[in-house]
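For reference, the structure discussed in these notes is given below.
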Amino acid sequence: MKVKRSFSFYLTVAATTLIAATYGLARFAYGLHLPGMQTELGFDSAVAGAIFAGGSIAYCVGAVCGFVLAPRYPRTLVALAGATAALGTAGVAIAPSTAWLAPGAVLASAGAGLASPALVRVIQRNLRREGADRAQSIVNAGTGPGLIAAGILALALLPQWRAAWWMAAAVSVVAATAVLLLDRQRDSVPTLGLPPAAWWRAHRMVIVGALLMGAASAAVWSFGRTMLTDAGLADGATVLAWVALGVGGLAVVPTAGLLAVAPPPRVWALTVVVLALATAALVAAPATVGFTLAACVVFGWAYVASTGALIGWTALLEPARAASGTALLFVLLVLGQAVGGAIFGLVVASAGYPTAFLAAAAVAIIAAGAGVFRSRPGARRTASPRTPDAMTSGR
């Protein structure tokens, strides 16, 4: 029987694909292909960490621009997201040296920061309230399929890592074009302006937590596959570990109902502790394939679930500013990744992977404490945190 697909279906697929491309195939694929790029181009862990940090800063710049401009210029941001991701990944694909690869990888990360706020607005203005809520939830999960697709591409193309970056460029262009063609509305909305001082005071603990968790997660995102390769795992097994991260991210969808019944700060504390345990577990037995894959699934689940807790937490503190709160927290999270990537790159170079990963796990434990010693809500909750504005796709 032939099934008729709705406009909502096609827009959701296009937006999810753009998130998968800009995050899974462009931003986070750097860590997946790092061993091959280091072997061919000859740069060390300190340089690798600096490049990852640069990409994180580019993401932050894109996200800040996005959340300032998204209410009025979402189409421009979608076009820029596709263009920066495509140009950046193409630059990596043709890079003859580290000096060429670095700016390409940094530019590619900016696309993810631009895409998230733009897609929130595009979905919000094209779909009805109930449809937008569901669609935004699906789009949020786009990073998981992107990671899985990146891993499958790597398995099929190894050791030709350049071909995978060309594929990322192509998917970015196609996905951004599809979103622009499906965007039927052209309205704009006013902005709320900067939050008052009371809002910042209410967010002080979650701000600290987001920074620290971002720094802690950088060890796995930037050096996870390289560490497994150095431990003796075959290339195929290390790529499967990357796929397992994506599977873990998708596992958040069936567990979302259970997490929703607990207060967001408590969910934050739980998921970030799990992230810390998974980070430490990766260096406990890195040459054991089954154990490593399980740790990666757990890490992927904890990472995506904890970012969801950030959305719920800021919405709990001030529902009317859920979008701006989410923007701030995700920018801080990725800024933490920039700092963490640079620092852990130096630690790896001087003291080795176990020390760096255990230090990252310790930082995550401290970050989890923000959910225990949390601030009191700055405003009475008047709306559900799962509004279309609140459900951004930050990573």
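As shown in the structure tokens, the chain order sets the letters A, B, ...; within each chain, residues go from 1, and ligands are also counted from 1 in the order they appear.
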How close does each residue of segment 6-28 of chain A get to segment 221-243 of chain A, giving the shortest atom pair and distance in Å to one decimal for every residue with an atom at most 12 Å away, counting only C-alpha atoms, sorted by chain and residue number, as a tab-separated table?
```
residue	atom	partner	partner_atom	distance
A:Tyr23	CA	A:Trp221	CA	11.7
A:Gly24	CA	A:Trp242	CA	10.3
A:Leu25	CA	A:Trp242	CA	11.7
A:Arg27	CA	A:Trp221	CA	9.8
A:Phe28	CA	A:Trp221	CA	6.7
```
Any chance you could export the current selection's C-alpha atoms as a PDB file, in the first residue's frame?
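The new file again-v4.pdb reads:
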```pdb
ATOM      1  CA  TYR A  23      27.504  17.465  13.856  1.00  0.00           C
ATOM      2  CA  GLY A  24      28.085  13.775  13.118  1.00  0.00           C
ATOM      3  CA  LEU A  25      29.790  14.032   9.713  1.00  0.00           C
ATOM      4  CA  ARG A  27      32.195  18.453  13.758  1.00  0.00           C
ATOM      5  CA  PHE A  28      32.635  15.154  15.632  1.00  0.00           C
TER       6      PHE A  28
END
```
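Look at segment 260-273 of chain A: the protein and nucleic acid residues within 8 Å of it, using only C-alpha atoms and passing over chain neighbours fewer than 5 places away, are Met213, Ala302, Tyr303, Ala305, Ser306, Ala309, Leu310, Gly312, Trp313, Leu316, Ala364, Ile365, Ala367, Ala368, Gly369, Ala370, Gly371, Val372 and Arg374 of chain A.
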Handout entry: Minimum-distance residue to Gly325 of chain A, chosen among A:Ala218, A:Ile207, A:Ala99, A:Ala14 (using only C-alpha atoms)
Key =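 Once distances to Gly325 of chain A are computed over only C-alpha atoms, the minimum belongs to A:Ile207.
When only C-alpha atoms are used to measure the gap to Arg72 of chain A, the shortest distance among A:Ser45, A:Thr288, A:Gln185, A:Thr279 belongs to A:Gln185.
Nearest to Pro196 of chain A of all the residues A:Val348, A:Ile152, A:Gly336, A:Glu318 is A:Glu318, based on only C-alpha atoms.
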Handout entry: Residue neighbourhood segment 166-178 of chain A, 10 Å, only C-alpha atoms, exclusion window fewer than 2 positions, as a PyMOL selection string
Key = chain A and resi 10-11+13-22+24-26+29+75+77-94+108+111+115+146+149-150+153+161-164+180-183
Problem - Residue among A:Leu258, A:Leu317, A:Ala48, A:Leu32 lying closest to Trp165 of chain A, counting only C-alpha atoms - result: A:Leu32
Handout entry: Computed interatomic separation between atom CA of Gln38 of chain A and atom CA of Thr98 of chain A (Å)
Key =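 Separation between atom CA of Gln38 of chain A and atom CA of Thr98 of chain A: 8.8 Å.
Minimum distance to Met37 of chain A across A:Val64, A:Ala105, A:Leu69, A:Val122 (counting only C-alpha atoms) occurs at A:Ala105.
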Exercise for the section: Within 7 Å of Ala280 of chain A, counting only C-alpha atoms, which residues show up once you throw out same-chain ones fewer than 2 positions away? Write them as a list of chain:residue names, please. Expected result: A:Ala276, A:Leu277, A:Ala278, A:Leu282, A:Val283, A:Ala284, A:Phe357, A:Leu358, A:Ala361
Exercise for the section: Could you pull out the residues in segment 1-204 of chain A that DSSP calls alpha helix (DSSP H) from the backbone, as a PyMOL selection string? Expected result: chain A and resi 7-19+29-41+45-69+74-94+98-126+129-140+143-157+161-182+197-202+204
